[in-house]
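**Student:** The following file, upload.pdb, comprises PDB, C-alpha atoms:
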ATOM      1  CA  MET A  14     -24.400  17.766 -20.365
ATOM      2  CA  GLU A  15     -22.009  15.048 -21.189
ATOM      3  CA  ASN A  16     -23.127  11.613 -20.173
ATOM      4  CA  ASN A  17     -20.393  10.308 -17.917
ATOM      5  CA  ASN A  18     -21.623   6.770 -17.899
ATOM      6  CA  SER A  19     -21.359   6.054 -21.555
ATOM      7  CA  HIS A  20     -18.279   4.070 -22.334
ATOM      8  CA  SER A  21     -16.351   6.141 -24.776
ATOM      9  CA  GLN A  22     -14.909   2.970 -26.227
ATOM     10  CA  ASN A  23     -16.746   1.827 -29.278
ATOM     11  CA  SER A  24     -16.852  -1.866 -28.637
ATOM     12  CA  LEU A  25     -14.180  -3.263 -30.869
ATOM     13  CA  GLY A  26     -14.229  -6.683 -32.455
ATOM     14  CA  TYR A  27     -11.877  -9.411 -31.254
ATOM     15  CA  GLY A  28      -9.856  -9.223 -34.481
ATOM     16  CA  ILE A  29      -8.037  -5.960 -33.786
ATOM     17  CA  TYR A  30      -6.752  -7.272 -30.438
ATOM     18  CA  ILE A  31      -5.409 -10.435 -32.043
ATOM     19  CA  LEU A  32      -3.715  -8.348 -34.749
ATOM     20  CA  VAL A  33      -2.063  -6.149 -32.111
ATOM     21  CA  TRP A  34      -0.941  -9.242 -30.199
ATOM     22  CA  LEU A  35       0.627 -10.635 -33.396
ATOM     23  CA  ALA A  36       2.437  -7.332 -33.909
ATOM     24  CA  LEU A  37       3.684  -7.388 -30.294
ATOM     25  CA  VAL A  38       5.020 -10.936 -30.586
ATOM     26  CA  THR A  39       6.653 -10.099 -33.928
ATOM     27  CA  LEU A  40       8.342  -7.050 -32.394
ATOM     28  CA  THR A  41       9.577  -9.235 -29.527
ATOM     29  CA  THR A  42      11.126 -11.628 -32.052
ATOM     30  CA  VAL A  43      12.739  -8.689 -33.827
ATOM     31  CA  THR A  44      14.203  -7.256 -30.625
ATOM     32  CA  VAL A  45      15.647 -10.639 -29.584
ATOM     33  CA  THR A  46      17.125 -11.185 -33.063
ATOM     34  CA  VAL A  47      18.629  -7.709 -33.242
ATOM     35  CA  SER A  48      20.203  -8.082 -29.789
ATOM     36  CA  GLY A  49      22.082 -11.105 -31.152
ATOM     37  CA  MET A  50      23.730  -8.947 -33.818
ATOM     38  CA  ASP A  51      26.739  -6.850 -33.065
ATOM     39  CA  LEU A  52      25.430  -3.318 -33.417
ATOM     40  CA  ARG A  53      27.490  -1.845 -30.583
ATOM     41  CA  SER A  54      26.001   1.398 -29.297
ATOM     42  CA  LEU A  55      22.978   1.030 -31.562
ATOM     43  CA  THR A  56      21.790  -2.071 -29.674
ATOM     44  CA  VAL A  57      20.219  -0.182 -26.781
ATOM     45  CA  THR A  58      18.694   2.425 -29.107
ATOM     46  CA  VAL A  59      17.033  -0.238 -31.251
ATOM     47  CA  ALA A  60      15.771  -2.053 -28.123
ATOM     48  CA  LEU A  61      14.254   1.144 -26.715
ATOM     49  CA  VAL A  62      12.652   2.135 -30.028
ATOM     50  CA  ILE A  63      11.017  -1.302 -30.320
ATOM     51  CA  ALA A  64       9.875  -1.208 -26.674
ATOM     52  CA  SER A  65       8.355   2.245 -27.264
ATOM     53  CA  LEU A  66       6.550   0.973 -30.344
ATOM     54  CA  LYS A  67       5.121  -1.940 -28.336
ATOM     55  CA  THR A  68       4.069   0.452 -25.565
ATOM     56  CA  TYR A  69       2.323   2.669 -28.118
ATOM     57  CA  LEU A  70       0.290  -0.304 -29.348
ATOM     58  CA  VAL A  71      -0.607  -1.481 -25.834
ATOM     59  CA  ILE A  72      -1.650   1.997 -24.648
ATOM     60  CA  ASN A  73      -3.675   2.832 -27.748
ATOM     61  CA  ILE A  74      -5.456  -0.432 -28.439
ATOM     62  CA  PHE A  75      -5.398  -2.618 -25.307
ATOM     63  CA  MET A  76      -5.822   0.324 -22.924
ATOM     64  CA  HIS A  77      -8.290   2.043 -25.280
ATOM     65  CA  LEU A  78      -6.538   5.410 -25.097
ATOM     66  CA  ARG A  79      -7.324   5.882 -28.786
ATOM     67  CA  SER A  80     -11.028   6.184 -28.012
ATOM     68  CA  GLU A  81     -10.675   8.174 -24.790
ATOM     69  CA  GLY A  82     -11.232  11.907 -24.606
ATOM     70  CA  ARG A  83      -8.637  14.562 -25.201
ATOM     71  CA  THR A  84      -8.003  15.081 -21.462
ATOM     72  CA  PHE A  85      -6.718  11.506 -21.080
ATOM     73  CA  LYS A  86      -4.344  11.887 -24.017
ATOM     74  CA  VAL A  87      -2.944  15.154 -22.675
ATOM     75  CA  PHE A  88      -2.468  13.571 -19.219
ATOM     76  CA  VAL A  89      -0.584  10.593 -20.626
ATOM     77  CA  LEU A  90       1.564  12.855 -22.770
ATOM     78  CA  VAL A  91       2.437  15.079 -19.789
ATOM     79  CA  ALA A  92       3.318  12.036 -17.647
ATOM     80  CA  LEU A  93       5.586  10.613 -20.350
ATOM     81  CA  LEU A  94       7.183  14.010 -21.000
ATOM     82  CA  PHE A  95       7.872  14.360 -17.270
ATOM     83  CA  LEU A  96       9.739  11.061 -17.322
ATOM     84  CA  LEU A  97      11.611  12.005 -20.492
ATOM     85  CA  VAL A  98      12.665  15.370 -19.033
ATOM     86  CA  SER A  99      13.892  13.575 -15.883
ATOM     87  CA  PHE A 100      16.104  11.357 -18.030
ATOM     88  CA  ILE A 101      17.386  14.261 -20.121
ATOM     89  CA  LEU A 102      18.249  16.394 -17.093
ATOM     90  CA  LEU A 103      19.923  13.471 -15.347
ATOM     91  CA  PHE A 104      22.087  12.638 -18.337
ATOM     92  CA  ALA A 105      22.829  16.281 -19.049
ATOM     93  CA  ASP A 106      24.179  16.423 -15.513
ATOM     94  CA  TYR A 107      26.169  13.184 -15.866
ATOM     95  CA  SER A 108      27.676  14.108 -19.216
ATOM     96  CA  PHE A 109      29.200  17.320 -17.870
ATOM     97  CA  HIS A 110      30.758  15.806 -14.789
TER      98      HIS A 110
ATOM     99  CA  MET B   8     -27.198   5.876 -24.778
ATOM    100  CA  SER B   9     -30.694   6.847 -23.640
ATOM    101  CA  THR B  10     -31.113   3.640 -21.613
ATOM    102  CA  GLN B  11     -27.800   4.308 -19.902
ATOM    103  CA  GLU B  12     -28.888   7.847 -19.094
ATOM    104  CA  HIS B  13     -32.036   6.424 -17.648
ATOM    105  CA  ALA B  14     -30.074   3.999 -15.474
ATOM    106  CA  ALA B  15     -27.796   6.815 -14.358
ATOM    107  CA  ALA B  16     -30.733   8.667 -12.918
ATOM    108  CA  HIS B  17     -31.190   5.907 -10.348
ATOM    109  CA  THR B  18     -27.663   5.179  -9.165
ATOM    110  CA  HIS B  19     -24.700   7.469  -8.982
ATOM    111  CA  ARG B  20     -22.125   6.357 -11.478
ATOM    112  CA  ASP B  21     -19.196   8.123 -13.064
ATOM    113  CA  ASP B  22     -17.295   5.771 -15.305
ATOM    114  CA  TYR B  23     -15.346   8.609 -16.879
ATOM    115  CA  GLY B  24     -14.122   9.717 -13.456
ATOM    116  CA  ALA B  25     -13.367   6.125 -12.446
ATOM    117  CA  ARG B  26     -11.185   5.600 -15.502
ATOM    118  CA  MET B  27      -9.448   8.923 -14.992
ATOM    119  CA  GLY B  28      -8.751   8.015 -11.357
ATOM    120  CA  MET B  29      -7.190   4.766 -12.547
ATOM    121  CA  TRP B  30      -5.003   6.536 -15.102
ATOM    122  CA  LEU B  31      -3.834   8.960 -12.391
ATOM    123  CA  PHE B  32      -2.900   6.006 -10.212
ATOM    124  CA  LEU B  33      -1.026   4.478 -13.145
ATOM    125  CA  PHE B  34       1.004   7.707 -13.423
ATOM    126  CA  THR B  35       2.195   7.223  -9.839
ATOM    127  CA  GLU B  36       3.198   3.684 -10.820
ATOM    128  CA  LEU B  37       5.033   5.109 -13.803
ATOM    129  CA  ILE B  38       7.001   7.412 -11.510
ATOM    130  CA  LEU B  39       7.709   4.547  -9.091
ATOM    131  CA  PHE B  40       9.184   2.348 -11.808
ATOM    132  CA  GLY B  41      10.537   5.367 -13.695
ATOM    133  CA  GLY B  42      12.708   6.239 -10.701
ATOM    134  CA  MET B  43      14.154   2.737 -10.753
ATOM    135  CA  PHE B  44      14.785   2.960 -14.491
ATOM    136  CA  LEU B  45      16.623   6.244 -13.839
ATOM    137  CA  VAL B  46      18.874   4.521 -11.297
ATOM    138  CA  TYR B  47      19.386   1.635 -13.727
ATOM    139  CA  SER B  48      20.333   3.959 -16.599
ATOM    140  CA  VAL B  49      22.948   5.877 -14.598
ATOM    141  CA  TYR B  50      24.576   2.747 -13.194
ATOM    142  CA  ARG B  51      24.556   1.075 -16.584
ATOM    143  CA  PHE B  52      26.104   4.219 -18.092
ATOM    144  CA  THR B  53      28.884   4.217 -15.490
ATOM    145  CA  ASN B  54      29.414   0.399 -15.419
ATOM    146  CA  GLN B  55      28.876  -0.662 -19.022
ATOM    147  CA  ALA B  56      31.281  -3.592 -19.205
ATOM    148  CA  GLU B  57      30.191  -5.017 -15.830
ATOM    149  CA  PHE B  58      26.501  -4.820 -16.787
ATOM    150  CA  HIS B  59      27.177  -6.699 -20.024
ATOM    151  CA  LEU B  60      29.156  -9.335 -18.185
ATOM    152  CA  ALA B  61      26.539  -9.791 -15.450
ATOM    153  CA  ALA B  62      23.690  -9.989 -17.987
ATOM    154  CA  THR B  63      25.284 -13.015 -19.682
ATOM    155  CA  GLU B  64      24.198 -15.010 -16.602
ATOM    156  CA  LEU B  65      20.522 -14.290 -17.318
ATOM    157  CA  ASN B  66      18.526 -16.821 -19.271
ATOM    158  CA  THR B  67      17.362 -15.106 -22.483
ATOM    159  CA  ILE B  68      15.135 -18.053 -23.396
ATOM    160  CA  ILE B  69      13.122 -17.884 -20.152
ATOM    161  CA  GLY B  70      13.004 -14.091 -20.513
ATOM    162  CA  THR B  71      11.652 -14.297 -24.069
ATOM    163  CA  PHE B  72       9.185 -16.989 -23.072
ATOM    164  CA  ASN B  73       7.908 -14.858 -20.191
ATOM    165  CA  THR B  74       7.586 -11.844 -22.494
ATOM    166  CA  VAL B  75       5.348 -13.792 -24.856
ATOM    167  CA  ILE B  76       3.309 -15.141 -21.898
ATOM    168  CA  LEU B  77       2.725 -11.644 -20.530
ATOM    169  CA  LEU B  78       1.852 -10.207 -23.964
ATOM    170  CA  THR B  79      -0.635 -13.040 -24.443
ATOM    171  CA  SER B  80      -2.150 -12.370 -21.010
ATOM    172  CA  SER B  81      -2.659  -8.750 -22.072
ATOM    173  CA  LEU B  82      -4.471 -10.037 -25.152
ATOM    174  CA  THR B  83      -6.791 -12.264 -23.093
ATOM    175  CA  MET B  84      -7.455  -9.356 -20.714
ATOM    176  CA  ALA B  85      -8.454  -7.104 -23.634
ATOM    177  CA  LEU B  86     -10.578  -9.920 -25.077
ATOM    178  CA  SER B  87     -12.421 -10.360 -21.766
ATOM    179  CA  ILE B  88     -13.490  -6.706 -21.981
ATOM    180  CA  ALA B  89     -14.481  -7.089 -25.638
ATOM    181  CA  ALA B  90     -16.562 -10.120 -24.620
ATOM    182  CA  ILE B  91     -18.405  -8.325 -21.804
ATOM    183  CA  GLN B  92     -19.102  -5.423 -24.210
ATOM    184  CA  LYS B  93     -20.845  -7.971 -26.430
ATOM    185  CA  ASN B  94     -22.770  -9.237 -23.378
ATOM    186  CA  ASN B  95     -20.987 -12.592 -23.542
ATOM    187  CA  LYS B  96     -20.570 -13.183 -19.819
ATOM    188  CA  SER B  97     -19.175 -16.720 -19.815
ATOM    189  CA  LEU B  98     -16.629 -15.915 -22.531
ATOM    190  CA  SER B  99     -15.514 -12.885 -20.535
ATOM    191  CA  ILE B 100     -15.047 -14.996 -17.394
ATOM    192  CA  PHE B 101     -13.168 -17.595 -19.454
ATOM    193  CA  PHE B 102     -10.730 -14.940 -20.714
ATOM    194  CA  GLN B 103     -10.300 -13.510 -17.199
ATOM    195  CA  LEU B 104      -9.423 -16.934 -15.809
ATOM    196  CA  LEU B 105      -7.076 -17.524 -18.743
ATOM    197  CA  THR B 106      -5.345 -14.230 -17.903
ATOM    198  CA  ILE B 107      -4.836 -15.373 -14.293
ATOM    199  CA  LEU B 108      -3.479 -18.704 -15.533
ATOM    200  CA  LEU B 109      -0.981 -16.948 -17.815
ATOM    201  CA  GLY B 110       0.043 -14.720 -14.898
ATOM    202  CA  LEU B 111       0.608 -17.882 -12.886
ATOM    203  CA  PHE B 112       2.798 -19.349 -15.679
ATOM    204  CA  PHE B 113       4.808 -16.141 -15.627
ATOM    205  CA  MET B 114       5.330 -16.382 -11.865
ATOM    206  CA  VAL B 115       6.266 -20.082 -12.041
ATOM    207  CA  ASN B 116       8.927 -19.241 -14.633
ATOM    208  CA  LYS B 117      10.147 -16.410 -12.407
ATOM    209  CA  TYR B 118      10.335 -18.847  -9.505
ATOM    210  CA  PHE B 119      12.524 -21.265 -11.465
ATOM    211  CA  GLU B 120      14.642 -18.421 -12.789
ATOM    212  CA  TRP B 121      15.251 -16.899  -9.361
ATOM    213  CA  SER B 122      15.860 -20.346  -7.787
ATOM    214  CA  ALA B 123      18.531 -21.098 -10.380
ATOM    215  CA  LYS B 124      20.256 -17.782  -9.618
ATOM    216  CA  ILE B 125      20.055 -18.316  -5.879
ATOM    217  CA  ASN B 126      21.389 -21.881  -6.211
ATOM    218  CA  HIS B 127      24.359 -20.445  -8.092
ATOM    219  CA  GLY B 128      24.937 -18.176  -5.116
ATOM    220  CA  LEU B 129      23.800 -15.091  -6.995
ATOM    221  CA  PHE B 130      21.589 -13.174  -4.589
ATOM    222  CA  PRO B 131      22.010  -9.852  -2.762
ATOM    223  CA  GLY B 132      24.609 -10.129  -0.020
ATOM    224  CA  SER B 133      25.894 -13.598  -1.018
ATOM    225  CA  ASP B 134      29.626 -14.282  -0.759
ATOM    226  CA  GLU B 135      29.737 -15.222  -4.427
ATOM    227  CA  LEU B 136      28.150 -11.965  -5.509
ATOM    228  CA  LEU B 137      30.170  -9.806  -3.129
ATOM    229  CA  ALA B 138      33.368 -11.258  -4.654
ATOM    230  CA  LYS B 139      32.372  -9.752  -8.016
ATOM    231  CA  SER B 140      32.948  -6.192  -9.256
ATOM    232  CA  SER B 141      30.749  -3.402  -7.921
ATOM    233  CA  GLY B 142      29.070  -3.006 -11.326
ATOM    234  CA  GLU B 143      27.920  -6.628 -11.272
ATOM    235  CA  ILE B 144      26.665  -6.266  -7.694
ATOM    236  CA  LEU B 145      24.667  -3.220  -8.805
ATOM    237  CA  PHE B 146      23.274  -5.127 -11.776
ATOM    238  CA  TYR B 147      22.008  -7.958  -9.586
ATOM    239  CA  GLY B 148      20.658  -5.565  -6.958
ATOM    240  CA  LEU B 149      18.635  -3.802  -9.647
ATOM    241  CA  TYR B 150      17.645  -7.108 -11.246
ATOM    242  CA  TYR B 151      16.154  -8.434  -8.009
ATOM    243  CA  ALA B 152      14.566  -5.128  -6.972
ATOM    244  CA  MET B 153      12.988  -4.343 -10.339
ATOM    245  CA  THR B 154      11.841  -7.809 -11.431
ATOM    246  CA  GLY B 155      10.773  -8.445  -7.801
ATOM    247  CA  LEU B 156       8.612  -5.328  -7.649
ATOM    248  CA  HIS B 157       7.250  -6.198 -11.068
ATOM    249  CA  GLY B 158       6.460  -9.749  -9.929
ATOM    250  CA  LEU B 159       4.622  -8.331  -6.920
ATOM    251  CA  HIS B 160       2.507  -6.292  -9.327
ATOM    252  CA  VAL B 161       1.734  -9.421 -11.355
ATOM    253  CA  LEU B 162       0.545 -11.156  -8.153
ATOM    254  CA  VAL B 163      -1.652  -8.183  -7.196
ATOM    255  CA  GLY B 164      -3.056  -8.105 -10.736
ATOM    256  CA  MET B 165      -3.903 -11.820 -10.564
ATOM    257  CA  VAL B 166      -5.802 -11.315  -7.285
ATOM    258  CA  LEU B 167      -7.673  -8.324  -8.755
ATOM    259  CA  ILE B 168      -8.680 -10.239 -11.875
ATOM    260  CA  GLY B 169      -9.851 -13.094  -9.627
ATOM    261  CA  VAL B 170     -12.115 -10.659  -7.757
ATOM    262  CA  MET B 171     -13.379  -9.306 -11.100
ATOM    263  CA  ALA B 172     -14.196 -12.826 -12.311
ATOM    264  CA  GLY B 173     -16.274 -13.219  -9.142
ATOM    265  CA  PHE B 174     -18.036  -9.893  -9.820
ATOM    266  CA  THR B 175     -18.733 -10.908 -13.402
ATOM    267  CA  SER B 176     -20.237 -14.239 -12.441
ATOM    268  CA  ARG B 177     -22.389 -12.605  -9.728
ATOM    269  CA  GLY B 178     -23.609 -10.030 -12.240
ATOM    270  CA  SER B 179     -22.109  -6.885 -10.743
ATOM    271  CA  ILE B 180     -20.004  -6.470 -13.883
ATOM    272  CA  THR B 181     -22.296  -6.373 -16.925
ATOM    273  CA  TYR B 182     -22.225  -5.321 -20.581
ATOM    274  CA  ASP B 183     -23.324  -1.785 -19.646
ATOM    275  CA  ASN B 184     -21.408  -1.498 -16.372
ATOM    276  CA  TYR B 185     -17.895  -2.898 -16.640
ATOM    277  CA  VAL B 186     -15.652  -0.036 -15.547
ATOM    278  CA  LYS B 187     -14.197  -2.170 -12.720
ATOM    279  CA  LEU B 188     -13.043  -4.739 -15.246
ATOM    280  CA  GLU B 189     -11.792  -1.982 -17.527
ATOM    281  CA  ASN B 190      -9.699  -0.462 -14.719
ATOM    282  CA  THR B 191      -8.284  -3.839 -13.719
ATOM    283  CA  GLY B 192      -7.334  -4.263 -17.371
ATOM    284  CA  LEU B 193      -5.575  -0.881 -17.351
ATOM    285  CA  TYR B 194      -3.509  -2.024 -14.359
ATOM    286  CA  TRP B 195      -2.665  -5.344 -16.000
ATOM    287  CA  HIS B 196      -1.562  -3.645 -19.226
ATOM    288  CA  LEU B 197       0.660  -1.230 -17.293
ATOM    289  CA  VAL B 198       2.379  -4.216 -15.676
ATOM    290  CA  ASP B 199       2.857  -5.594 -19.194
ATOM    291  CA  ILE B 200       4.382  -2.302 -20.373
ATOM    292  CA  ILE B 201       6.863  -2.296 -17.457
ATOM    293  CA  TRP B 202       7.975  -5.776 -18.519
ATOM    294  CA  ILE B 203       8.278  -4.632 -22.157
ATOM    295  CA  PHE B 204      11.083  -2.352 -20.921
ATOM    296  CA  LEU B 205      12.556  -4.641 -18.242
ATOM    297  CA  PHE B 206      13.038  -7.468 -20.727
ATOM    298  CA  PRO B 207      15.466  -5.844 -23.214
ATOM    299  CA  LEU B 208      17.229  -3.853 -20.491
ATOM    300  CA  PHE B 209      18.103  -6.899 -18.387
ATOM    301  CA  TYR B 210      18.061  -9.898 -20.716
ATOM    302  CA  LEU B 211      19.215  -8.509 -24.057
ATOM    303  CA  ILE B 212      22.315  -6.464 -23.295
ATOM    304  CA  THR B 213      24.921  -9.142 -23.897
TER     305      THR B 213
END
Can you give me the file's structure in the form of structure tokens?

**Tutor:**
Amino acid sequence: MENNNSHSQNSLGYGIYILVWLALVTLTTVTVTVSGMDLRSLTVTVALVIASLKTYLVINIFMHLRSEGRTFKVFVLVALLFLLVSFILLFADYSFH
Amino acid sequence: MSTQEHAAAHTHRDDYGARMGMWLFLFTELILFGGMFLVYSVYRFTNQAEFHLAATELNTIIGTFNTVILLTSSLTMALSIAAIQKNNKSLSIFFQLLTILLGLFFMVNKYFEWSAKINHGLFPGSDELLAKSSGEILFYGLYYAMTGLHGLHVLVGMVLIGVMAGFTSRGSITYDNYVKLENTGLYWHLVDIIWIFLFPLFYLIT
């Protein structure tokens, strides 16, 4: 039987967290800089791509999803897909009005 | 692993289930904020010029500063868990308290930011705001509702981490039993993720 009390997380060193934090701050700098440029309709796309990238890092490393079991990953994926489908359906509706 | 199995024979513990329960709760939070982001996206889509105009009033510098503060607080939260995993109790408590302090900095900045807006007469229902276009009124309504709900979550997170620091110092959170701290961390990181999206969508659309 699986031991439910073992922490699936291999205890990580401090270094990886600091690296991820550096990446997050760098991405913040990038998103602020890009927003200052005149990219028109691309602005919001770039902002959302960078925010998604930051979220990926936070979920995987800070929230330890990377070392969780498969069930957790499927759950998170389903939750995010649900949100994505909501947005797609909403905008499909709005675009054809 | 064998020592943990031994300990499990004496007390009922299910860390896996506890973490899964927390993730399920976070999904409800995702839907709560997701619904607000849906409303935001439709109104922004239908009032693009007004949203851009209204967003110029927001202070990008404070927003950026608060983003870095919250990202750093997520780092210290993760480090507090790494420290307890290495059985370094005092370092873990230090990082937990640092996380609360950073949360407090965030809220103080929010306080100054909101006060400045309110002093300029920009708050829901004010004469100054009602004189503006409907798109700008919507922008400010969403701004206060979404950053307000987010701020409430930051406050709750600070209280939770405070309780966890107490648990850690009393020895009920230890290197082989820290799922409470882990779950509090999950909550704190979710609050960080919400801000990761709020920040560009409100402060960077000018």

**Student:** Using all atoms listed in the file, which protein or nucleic acid residues come within 10 Å of Val89 (chain A)? Drop anything in the same chain fewer than 4 positions from it, and give the result as a list in words.

**Tutor:** Ile72, Leu78, Thr84, Phe85, Leu93, Leu94 and Phe95 of chain A; Trp30, Leu31, Leu33 and Phe34 of chain B

**Student:** List as a tab-separated table every residue of chain B that is in contact with chain A, defined as an atom at most 8 Å from one of its atoms (using all atoms listed in the file), together with the nearest atom pair and the distance in Å rounded to one decimal, sorted by chain and then rising number.

**Tutor:**
residue	atom	partner	partner_atom	distance
B:Met8	CA	A:Ser19	CA	6.7
B:Gln11	CA	A:Ser19	CA	6.9
B:Glu12	CA	A:Asn16	CA	7.0
B:Ala15	CA	A:Asn18	CA	7.1
B:Arg20	CA	A:Asn18	CA	6.5
B:Asp21	CA	A:Asn17	CA	5.5
B:Asp22	CA	A:Asn18	CA	5.1
B:Tyr23	CA	A:Asn17	CA	5.4
B:Gly24	CA	A:Asn17	CA	7.7
B:Met27	CA	A:Phe85	CA	7.2
B:Trp30	CA	A:Phe85	CA	8.0
B:Phe34	CA	A:Ala92	CA	6.5
B:Ile38	CA	A:Leu96	CA	7.4
B:Gly41	CA	A:Leu96	CA	6.8
B:Leu45	CA	A:Phe100	CA	6.6
B:Val49	CA	A:Phe104	CA	7.8
B:Thr71	CA	A:Thr41	CA	7.7
B:Thr74	CA	A:Thr41	CA	7.8
B:Val75	CA	A:Val38	CA	6.4
B:Leu78	CA	A:Trp34	CA	6.9
B:Thr79	CA	A:Trp34	CA	6.9
B:Ser81	CA	A:Phe75	CA	7.5
B:Leu82	CA	A:Trp34	CA	6.2
B:Ala85	CA	A:Phe75	CA	5.7
B:Leu86	CA	A:Tyr27	CA	6.3
B:Ala89	CA	A:Ser24	CA	6.5
B:Gln92	CA	A:Ser24	CA	6.1
B:Lys93	CA	A:Ser24	CA	7.6
B:Gly192	CA	A:Met76	CA	7.4
B:Leu193	CA	A:Met76	CA	5.7
B:His196	CA	A:Met76	CA	6.9
B:Ile200	CA	A:Thr68	CA	5.9
B:Ile203	CA	A:Ala64	CA	5.9
B:Phe204	CA	A:Ala64	CA	6.0
B:Pro207	CA	A:Ala60	CA	6.2
B:Leu208	CA	A:Val57	CA	7.9
B:Leu211	CA	A:Ser48	CA	5.8
B:Ile212	CA	A:Ser48	CA	7.0
B:Thr213	CA	A:Ser48	CA	7.6

**Student:** Around all of region 74-77 of chain A's listed atoms, make the axis-aligned box with 3 Å on each side and tell me centre and edge lengths in Å to one decimal, as JSON.

**Tutor:**
{"center_x": -6.8, "center_y": -0.3, "center_z": -25.7, "size_x": 8.9, "size_y": 10.7, "size_z": 11.5}

**Student:** How far is it from CA of Glu135 (chain B) to CA of Phe58 (chain B), in Å with one decimal?

**Tutor:**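 About the pair CA of Glu135 (chain B) and CA of Phe58 (chain B): they are 16.5 Å apart.
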
**Student:** Under the PyMOL selection byres ((chain B and resi 144-153) around 9), which residues of this model are included? Write them out as a PyMOL selection string.

**Tutor:** chain B and resi 40+43-44+46-47+50-51+54+57-58+61-62+121+129-132+136-143+154-158+205+209
